[in-house]
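In what follows, a single structure is set out as structure tokens and then discussed.
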Amino acid sequence: MKYLDEFRDKTLAKPLVAELKRSVTKPLRVMEICGSHTMAIFRNGIRTILPDGYTLISGPGCPVCVTSASHMDTFISISEHPRVRVAIFGDLFRVPGTHGSLANAAARGARIDIVYSPMDALDLALRYPDDLIVFLGVGFETTTPGIAATILAAKNRKITNFAVFSTQKVMPPPLMALLDDPSLKIDGLLCPGHVSSIIGAGAYQPLVEKYNLACVVAGFETTDLLNGLILLARQVALGQPKVENTYQRVVNWESNTRAAKMVDEIFEPADMEWRGLGVIPGSGLAIRSEYADFDAEVRLGITLQEAKEAKGCRCGEILKGMSIPPQCPLYKTKCTPQSPIGPCMVSSEGTCAAYYKYGIDQ
Amino acid sequence: MCLAIPMQVTKIEGNPDDFTQNQIATVDADGISKEVRLDVVDRWPTVGEYVIVHAGFAIHTLEASEAEANIKLLREMASSMPDELLR
């Protein structure tokens, strides 16, 4: 496919691998934030060709993985409401809460539809006029504009049996929270591609200034990833951290203003609970009171209950880059993709699922 | 979850400033044709351009000149590599 195949060119990849080796002159630790990057790195075998001294750790960028146990429990109780039909992205279906998953709830009779786009939930609303369709919003900046546009479309089309339960999250605050922890020693960030398409590469400038961190925005194909890793190594070698953007075909320095305006119309910043990271001020998005008719939290009178994480599960540590999956006592023993205990093993972009799928044991 | 792919615009409905009407593009990738929303795309595309599609929404109109510059830079980096490093 155009604009994909060119960036998978093997004749380019080989010299870039050589250049990557040459560019590492001192050890460095880089965090890839985005779950799609984690999977792309494994899929392309990039971990197997990393030069000595180049350590890649996975960050908190898998939206399903950072969804707290209390939110999962709330999702399940919403799905069991007699008048409700929930619409979700497929990733969420098998994530365990305290007592089972949405998949278990569906087996008990809860009505759960897996949709490709939030707009599909409006079609469900028209098809089932006697039900309230609740879209469970789980995602980062890439997904939020579409959910905002869907709420606005529901208002314009006077669809009243549709609401969203928002656990939408934004990326910069948790990164700041992670970087404030001195035990996480990282030199650079491989910054997400499609989140950055919305927030702009300039959003990482404060991280360079405050934490002296190399920041490179990269795409998801083989040469994109190699190029990003080379630029990070060069910045660290030179001791000159800055924001570089290697994904200019999709990411601008400035934010996507049409998306930002749409999000701002519907949502306002809110405190949000993250698995492993706790409550981070201003890291979430709540639906504005002007749109309360589309806010499932208001319409169903939801209050969050405290929930315990699964015993022994180290997802929280793994999401912070403090542990790797083989260090978890449950990994590959009690916790497998067939029978997952923690969300990092469920999501196709979870770090544990990636280690498991690609057979990495160290 | 933030997966998104480039698809080519073959038809456009609506206009960039009127959010009360449908803003929809028909897009095509490898013979698969579908409709995507243009409500939040950064720049209104023209027919023939590529948009980056995520969960039914175009989020970005791809800059062809940037993609070409990107490839050119990668090729330069690759061609400047001494042969002995490639063995």
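Within each chain, counting starts at residue 1; across the structure tokens, chains are named A, B, ... in the order shown, with ligands numbered 1 upward in that order.
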**Request:** Please give the complete set of residues from range 75-178 of chain A that DSSP, run on the backbone, assigns to strand (DSSP E), formatted as a list of chain:residue names.
**Result:** A:Val84, A:Arg85, A:Val86, A:Ala87, A:Ile88, A:Ile112, A:Asp113, A:Ile114, A:Leu132, A:Ile133, A:Val134, A:Phe135, A:Leu136, A:Gly137, A:Phe162, A:Ala163, A:Val164, A:Phe165, A:Ser166
**Polymer residues at most 8 Å from range 26-31 of chain B, only C-alpha atoms, same-chain spacing of 2 or more positions, as a PyMOL selection string** = (chain A and resi 1) or (chain B and resi 6-12+24+33-36)
**Request:** Show which residues sit within 8 Å of Asp39 in chain B, as number ranges by chain. Count only C-alpha atoms, and ignore same-chain residues fewer than 6 positions away.
**Result:** A: 146, 149, 258-259; B: 16, 19, 23-24, 57-58
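The interatomic distance for the pair CA of Phe135 in chain A and CA of Lys308 in chain A works out to 24.4 Å.
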Set out as CSV a contact list for chain B and chain A with a cut-off of 6 Å, giving each residue of chain B that qualifies its closest atom pair and distance in Å to one decimal, counting only C-alpha atoms, ordered by chain and rising residue number.
residue,atom,partner,partner_atom,distance
B:Val40,CA,A:Ala259,CA,4.6
B:Asp42,CA,A:Asn256,CA,5.0
B:Ala55,CA,A:Ser117,CA,4.6
B:Gly56,CA,A:Ser117,CA,5.1
B:Leu62,CA,A:Arg249,CA,5.5
B:Glu63,CA,A:Arg249,CA,5.0
B:Glu66,CA,A:Arg249,CA,4.9
B:Ala67,CA,A:Arg249,CA,4.9
B:Ala78,CA,A:Pro15,CA,5.0
**Message:** List as a PyMOL selection string the protein and nucleic acid residues near His54 in chain B, meaning an atom at most 8 Å away when only C-alpha atoms are counted, but skip any in the same chain fewer than 5 places from it.
**Reply:** (chain A and resi 142-143) or (chain B and resi 2-5+59)
With C-alpha atoms kept, could you save the residues just selected as an mmCIF file, in the first residue's frame?
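Below is the file that was written, out_21.cif:
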data_model
loop_
_atom_site.group_PDB
_atom_site.id
_atom_site.type_symbol
_atom_site.label_atom_id
_atom_site.label_comp_id
_atom_site.auth_asym_id
_atom_site.auth_seq_id
_atom_site.Cartn_x
_atom_site.Cartn_y
_atom_site.Cartn_z
ATOM 1 C CA THR A 142 -6.073 9.802 19.008
ATOM 2 C CA THR A 143 -9.483 8.409 19.928
ATOM 3 C CA CYS B 2 -3.937 4.090 18.225
ATOM 4 C CA LEU B 3 -3.527 2.204 14.954
ATOM 5 C CA ALA B 4 -4.179 4.265 11.855
ATOM 6 C CA ILE B 5 -3.532 3.680 8.164
ATOM 7 C CA ILE B 59 -7.369 12.462 11.642
#
**Request:** Excluding Leu102 in chain A and residues on its chain fewer than 6 positions from it, collect all residues at most 12 Å away from it, counting only C-alpha atoms, and give them as an MDAnalysis selection string.
**Result:** chainID A and resid 71:80 85:96 108:114 136
Keeping C-alpha atoms for every residue in the selection just given, could you write it to a file as a PDB file, in the first residue's frame?
ATOM      1  CA  HIS A  71     -13.180   1.401  36.008  1.00  0.00           C
ATOM      2  CA  MET A  72     -13.322  -2.190  34.731  1.00  0.00           C
ATOM      3  CA  ASP A  73     -15.754  -3.074  37.537  1.00  0.00           C
ATOM      4  CA  THR A  74     -17.867  -0.033  36.646  1.00  0.00           C
ATOM      5  CA  PHE A  75     -17.922  -1.053  32.955  1.00  0.00           C
ATOM      6  CA  ILE A  76     -19.202  -4.475  33.971  1.00  0.00           C
ATOM      7  CA  SER A  77     -21.909  -3.078  36.251  1.00  0.00           C
ATOM      8  CA  ILE A  78     -23.036  -0.680  33.460  1.00  0.00           C
ATOM      9  CA  SER A  79     -23.303  -3.659  31.087  1.00  0.00           C
ATOM     10  CA  GLU A  80     -25.541  -5.462  33.589  1.00  0.00           C
ATOM     11  CA  ARG A  85     -26.556  -1.991  25.795  1.00  0.00           C
ATOM     12  CA  VAL A  86     -22.855  -1.188  25.785  1.00  0.00           C
ATOM     13  CA  ALA A  87     -20.637  -0.533  22.789  1.00  0.00           C
ATOM     14  CA  ILE A  88     -16.900  -1.095  23.126  1.00  0.00           C
ATOM     15  CA  PHE A  89     -13.678  -1.444  21.153  1.00  0.00           C
ATOM     16  CA  GLY A  90     -12.788  -5.155  21.002  1.00  0.00           C
ATOM     17  CA  ASP A  91      -9.650  -4.848  23.155  1.00  0.00           C
ATOM     18  CA  LEU A  92     -11.714  -4.328  26.280  1.00  0.00           C
ATOM     19  CA  PHE A  93     -13.851  -7.448  26.060  1.00  0.00           C
ATOM     20  CA  ARG A  94     -11.664  -9.894  27.981  1.00  0.00           C
ATOM     21  CA  VAL A  95      -9.984  -7.570  30.500  1.00  0.00           C
ATOM     22  CA  PRO A  96     -10.645  -8.885  34.013  1.00  0.00           C
ATOM     23  CA  ARG A 108     -24.561 -14.078  31.697  1.00  0.00           C
ATOM     24  CA  GLY A 109     -26.773 -12.111  29.307  1.00  0.00           C
ATOM     25  CA  ALA A 110     -25.340  -8.571  29.268  1.00  0.00           C
ATOM     26  CA  ARG A 111     -25.725  -6.968  25.854  1.00  0.00           C
ATOM     27  CA  ILE A 112     -22.314  -5.939  24.566  1.00  0.00           C
ATOM     28  CA  ASP A 113     -21.514  -4.851  21.003  1.00  0.00           C
ATOM     29  CA  ILE A 114     -17.974  -4.576  19.697  1.00  0.00           C
ATOM     30  CA  LEU A 136     -17.314   2.904  27.035  1.00  0.00           C
TER      31      LEU A 136
END
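Distances from A:Asp293, A:Phe162, A:Asp181, A:Val66 to Gly278 in chain A were compared using only C-alpha atoms, and the smallest one belongs to A:Val66.
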**Prompt:** Which polymer residues have any atom within 7 Å of an atom of range 182-189 of chain A, counting only C-alpha atoms, with same-chain residues fewer than 2 positions away left out, as number ranges by chain?
**Reply:** A: 28-32, 179-180, 191, 213-216, 232, 236, 322
Taking N, CA and C atoms for each residue, export the selection above as a PDB file, in the first residue's frame.
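Dumped everything to out_6.pdb:
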ATOM      1  N   LEU A  28      22.401   3.610  26.551  1.00  0.00           N
ATOM      2  CA  LEU A  28      21.230   4.476  26.726  1.00  0.00           C
ATOM      3  C   LEU A  28      19.975   3.652  26.961  1.00  0.00           C
ATOM      4  N   ARG A  29      19.054   4.281  27.703  1.00  0.00           N
ATOM      5  CA  ARG A  29      17.756   3.659  27.983  1.00  0.00           C
ATOM      6  C   ARG A  29      16.663   4.526  27.381  1.00  0.00           C
ATOM      7  N   VAL A  30      15.853   3.913  26.544  1.00  0.00           N
ATOM      8  CA  VAL A  30      14.793   4.643  25.850  1.00  0.00           C
ATOM      9  C   VAL A  30      13.453   3.996  26.176  1.00  0.00           C
ATOM     10  N   MET A  31      12.460   4.818  26.459  1.00  0.00           N
ATOM     11  CA  MET A  31      11.110   4.296  26.679  1.00  0.00           C
ATOM     12  C   MET A  31      10.272   4.512  25.429  1.00  0.00           C
ATOM     13  N   GLU A  32       9.699   3.412  24.922  1.00  0.00           N
ATOM     14  CA  GLU A  32       8.688   3.605  23.861  1.00  0.00           C
ATOM     15  C   GLU A  32       7.359   3.696  24.596  1.00  0.00           C
ATOM     16  N   LEU A 179       8.419  10.649  35.048  1.00  0.00           N
ATOM     17  CA  LEU A 179       9.764  11.233  34.973  1.00  0.00           C
ATOM     18  C   LEU A 179      10.166  11.908  36.284  1.00  0.00           C
ATOM     19  N   ASP A 180       9.157  12.258  37.088  1.00  0.00           N
ATOM     20  CA  ASP A 180       9.460  12.838  38.403  1.00  0.00           C
ATOM     21  C   ASP A 180      10.051  11.794  39.351  1.00  0.00           C
ATOM     22  N   CYS A 191       8.495   8.900  20.960  1.00  0.00           N
ATOM     23  CA  CYS A 191       7.167   9.496  21.185  1.00  0.00           C
ATOM     24  C   CYS A 191       6.142   8.915  20.206  1.00  0.00           C
ATOM     25  N   LEU A 213      15.567  15.454  28.252  1.00  0.00           N
ATOM     26  CA  LEU A 213      15.244  14.175  27.658  1.00  0.00           C
ATOM     27  C   LEU A 213      15.244  14.271  26.130  1.00  0.00           C
ATOM     28  N   ALA A 214      15.878  13.297  25.477  1.00  0.00           N
ATOM     29  CA  ALA A 214      15.798  13.230  24.017  1.00  0.00           C
ATOM     30  C   ALA A 214      14.400  12.752  23.632  1.00  0.00           C
ATOM     31  N   CYS A 215      13.757  13.440  22.692  1.00  0.00           N
ATOM     32  CA  CYS A 215      12.388  13.072  22.289  1.00  0.00           C
ATOM     33  C   CYS A 215      12.310  12.966  20.772  1.00  0.00           C
ATOM     34  N   VAL A 216      11.952  11.803  20.259  1.00  0.00           N
ATOM     35  CA  VAL A 216      11.809  11.641  18.811  1.00  0.00           C
ATOM     36  C   VAL A 216      10.445  11.021  18.501  1.00  0.00           C
ATOM     37  N   LEU A 232      17.592   9.101  18.385  1.00  0.00           N
ATOM     38  CA  LEU A 232      17.669   9.130  19.857  1.00  0.00           C
ATOM     39  C   LEU A 232      19.100   8.851  20.314  1.00  0.00           C
ATOM     40  N   VAL A 236      21.654  11.430  22.372  1.00  0.00           N
ATOM     41  CA  VAL A 236      22.241  11.060  23.676  1.00  0.00           C
ATOM     42  C   VAL A 236      23.775  11.108  23.582  1.00  0.00           C
ATOM     43  N   MET A 322       9.282  -0.216  35.326  1.00  0.00           N
ATOM     44  CA  MET A 322      10.083  -0.608  36.488  1.00  0.00           C
ATOM     45  C   MET A 322      10.339  -2.122  36.516  1.00  0.00           C
TER      46      MET A 322
END
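In this model, the gap between CA of Leu124 in chain A and CA of Ser166 in chain A comes to 18.5 Å.
Taking only C-alpha atoms into account, Arg37 in chain B lies nearest to B:Ala25 out of the set B:Met81, B:Ala25, B:Glu68, B:Glu13.
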**Message:** Which residues are close to Leu319 in chain A, i.e. within 6 Å by only C-alpha atoms, leaving aside same-chain residues fewer than 3 positions away? Reply as an MDAnalysis selection string.
**Reply:** chainID A and resid 59:60 315:316
For the residues in the current selection, export N, CA and C atoms as a JSON list (two decimals), in the first residue's frame.
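Output below, filename result-v1.json:
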[["chain", "number", "residue", "atom", "x", "y", "z"],
["A", 59, "GLY", "N", 6.37, 1.71, 27.91],
["A", 59, "GLY", "CA", 5.74, 2.68, 28.81],
["A", 59, "GLY", "C", 4.24, 2.47, 28.96],
["A", 60, "PRO", "N", 3.56, 3.53, 29.43],
["A", 60, "PRO", "CA", 2.14, 3.40, 29.80],
["A", 60, "PRO", "C", 1.17, 3.67, 28.65],
["A", 315, "CYS", "N", 1.35, -5.67, 36.56],
["A", 315, "CYS", "CA", 1.04, -4.74, 35.46],
["A", 315, "CYS", "C", 1.45, -3.32, 35.79],
["A", 316, "GLY", "N", 1.13, -2.90, 37.03],
["A", 316, "GLY", "CA", 1.43, -1.52, 37.43],
["A", 316, "GLY", "C", 2.90, -1.19, 37.28]]
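Distances here use only C-alpha atoms; by that measure, the residue among A:Ala292, A:Lys334, A:Val243, A:Gly284 closest to Leu231 in chain A is A:Val243.
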**Asked** range 17-196 of chain A: which residues are helix (DSSP H, G or I) by DSSP, as a VMD selection string?
**Response** chain A and resid 17 to 23 35 to 43 46 to 49 69 to 79 90 to 92 102 to 107 119 to 127 144 to 156 172 to 179 193 to 196
Once you have the residues from the selection above, write them out as an mmCIF file, in the first residue's frame, restricted to C-alpha atoms.
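Result file follows (again.cif):
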data_model
loop_
_atom_site.group_PDB
_atom_site.id
_atom_site.type_symbol
_atom_site.label_atom_id
_atom_site.label_comp_id
_atom_site.auth_asym_id
_atom_site.auth_seq_id
_atom_site.Cartn_x
_atom_site.Cartn_y
_atom_site.Cartn_z
ATOM 1 C CA VAL A 17 20.586 -1.280 11.203
ATOM 2 C CA ALA A 18 24.314 -0.725 10.581
ATOM 3 C CA GLU A 19 23.914 2.985 11.248
ATOM 4 C CA LEU A 20 22.043 2.206 14.469
ATOM 5 C CA LYS A 21 25.019 0.137 15.671
ATOM 6 C CA ARG A 22 27.403 2.933 14.766
ATOM 7 C CA SER A 23 25.346 5.618 16.497
ATOM 8 C CA GLY A 35 1.532 0.321 22.767
ATOM 9 C CA SER A 36 1.382 0.282 18.959
ATOM 10 C CA HIS A 37 5.126 1.037 18.943
ATOM 11 C CA THR A 38 5.747 -1.819 21.401
ATOM 12 C CA MET A 39 4.019 -4.263 19.054
ATOM 13 C CA ALA A 40 5.665 -2.828 15.911
ATOM 14 C CA ILE A 41 9.102 -3.132 17.539
ATOM 15 C CA PHE A 42 8.531 -6.792 18.422
ATOM 16 C CA ARG A 43 6.898 -7.597 15.056
ATOM 17 C CA ILE A 46 13.983 -4.787 16.311
ATOM 18 C CA ARG A 47 14.691 -6.002 19.832
ATOM 19 C CA THR A 48 16.858 -8.778 18.385
ATOM 20 C CA ILE A 49 19.091 -6.372 16.437
ATOM 21 C CA ALA A 69 -9.660 -2.166 38.097
ATOM 22 C CA SER A 70 -12.355 0.143 39.513
ATOM 23 C CA HIS A 71 -13.180 1.401 36.008
ATOM 24 C CA MET A 72 -13.322 -2.190 34.731
ATOM 25 C CA ASP A 73 -15.754 -3.074 37.537
ATOM 26 C CA THR A 74 -17.867 -0.033 36.646
ATOM 27 C CA PHE A 75 -17.922 -1.053 32.955
ATOM 28 C CA ILE A 76 -19.202 -4.475 33.971
ATOM 29 C CA SER A 77 -21.909 -3.078 36.251
ATOM 30 C CA ILE A 78 -23.036 -0.680 33.460
ATOM 31 C CA SER A 79 -23.303 -3.659 31.087
ATOM 32 C CA GLY A 90 -12.788 -5.155 21.002
ATOM 33 C CA ASP A 91 -9.650 -4.848 23.155
ATOM 34 C CA LEU A 92 -11.714 -4.328 26.280
ATOM 35 C CA LEU A 102 -17.194 -8.017 30.116
ATOM 36 C CA ALA A 103 -16.935 -11.349 28.271
ATOM 37 C CA ASN A 104 -18.195 -13.108 31.407
ATOM 38 C CA ALA A 105 -20.982 -10.540 31.744
ATOM 39 C CA ALA A 106 -21.982 -11.181 28.106
ATOM 40 C CA ALA A 107 -22.148 -14.907 28.863
ATOM 41 C CA MET A 119 -20.161 6.393 15.269
ATOM 42 C CA ASP A 120 -21.320 2.767 14.997
ATOM 43 C CA ALA A 121 -22.848 3.228 18.470
ATOM 44 C CA LEU A 122 -25.264 5.800 16.962
ATOM 45 C CA ASP A 123 -26.470 3.168 14.489
ATOM 46 C CA LEU A 124 -27.097 0.884 17.481
ATOM 47 C CA ALA A 125 -29.067 3.692 19.152
ATOM 48 C CA LEU A 126 -31.358 3.933 16.104
ATOM 49 C CA ARG A 127 -31.708 0.166 15.887
ATOM 50 C CA THR A 144 -11.025 11.333 21.836
ATOM 51 C CA PRO A 145 -11.774 13.645 18.854
ATOM 52 C CA GLY A 146 -13.881 10.924 17.207
ATOM 53 C CA ILE A 147 -15.844 10.380 20.422
ATOM 54 C CA ALA A 148 -16.411 14.138 20.742
ATOM 55 C CA ALA A 149 -17.599 14.286 17.124
ATOM 56 C CA THR A 150 -19.953 11.373 17.796
ATOM 57 C CA ILE A 151 -21.527 13.173 20.793
ATOM 58 C CA LEU A 152 -21.972 16.295 18.682
ATOM 59 C CA ALA A 153 -23.517 14.212 15.878
ATOM 60 C CA ALA A 154 -25.926 12.618 18.392
ATOM 61 C CA LYS A 155 -26.970 16.096 19.527
ATOM 62 C CA ASN A 156 -27.424 17.368 15.956
ATOM 63 C CA PRO A 172 1.703 14.390 28.915
ATOM 64 C CA PRO A 173 0.642 14.341 32.633
ATOM 65 C CA PRO A 174 1.478 10.632 33.262
ATOM 66 C CA LEU A 175 4.796 11.077 31.478
ATOM 67 C CA MET A 176 5.604 13.945 33.849
ATOM 68 C CA ALA A 177 4.530 11.771 36.809
ATOM 69 C CA LEU A 178 6.816 8.955 35.636
ATOM 70 C CA LEU A 179 9.764 11.233 34.973
ATOM 71 C CA GLY A 193 2.973 8.648 16.195
ATOM 72 C CA HIS A 194 -0.788 9.070 16.107
ATOM 73 C CA VAL A 195 -1.254 10.716 19.516
ATOM 74 C CA SER A 196 1.316 13.246 18.251
#
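Rounded to one decimal, CA of Cys313 in chain A and CA of Leu190 in chain A lie 26.2 Å from each other.
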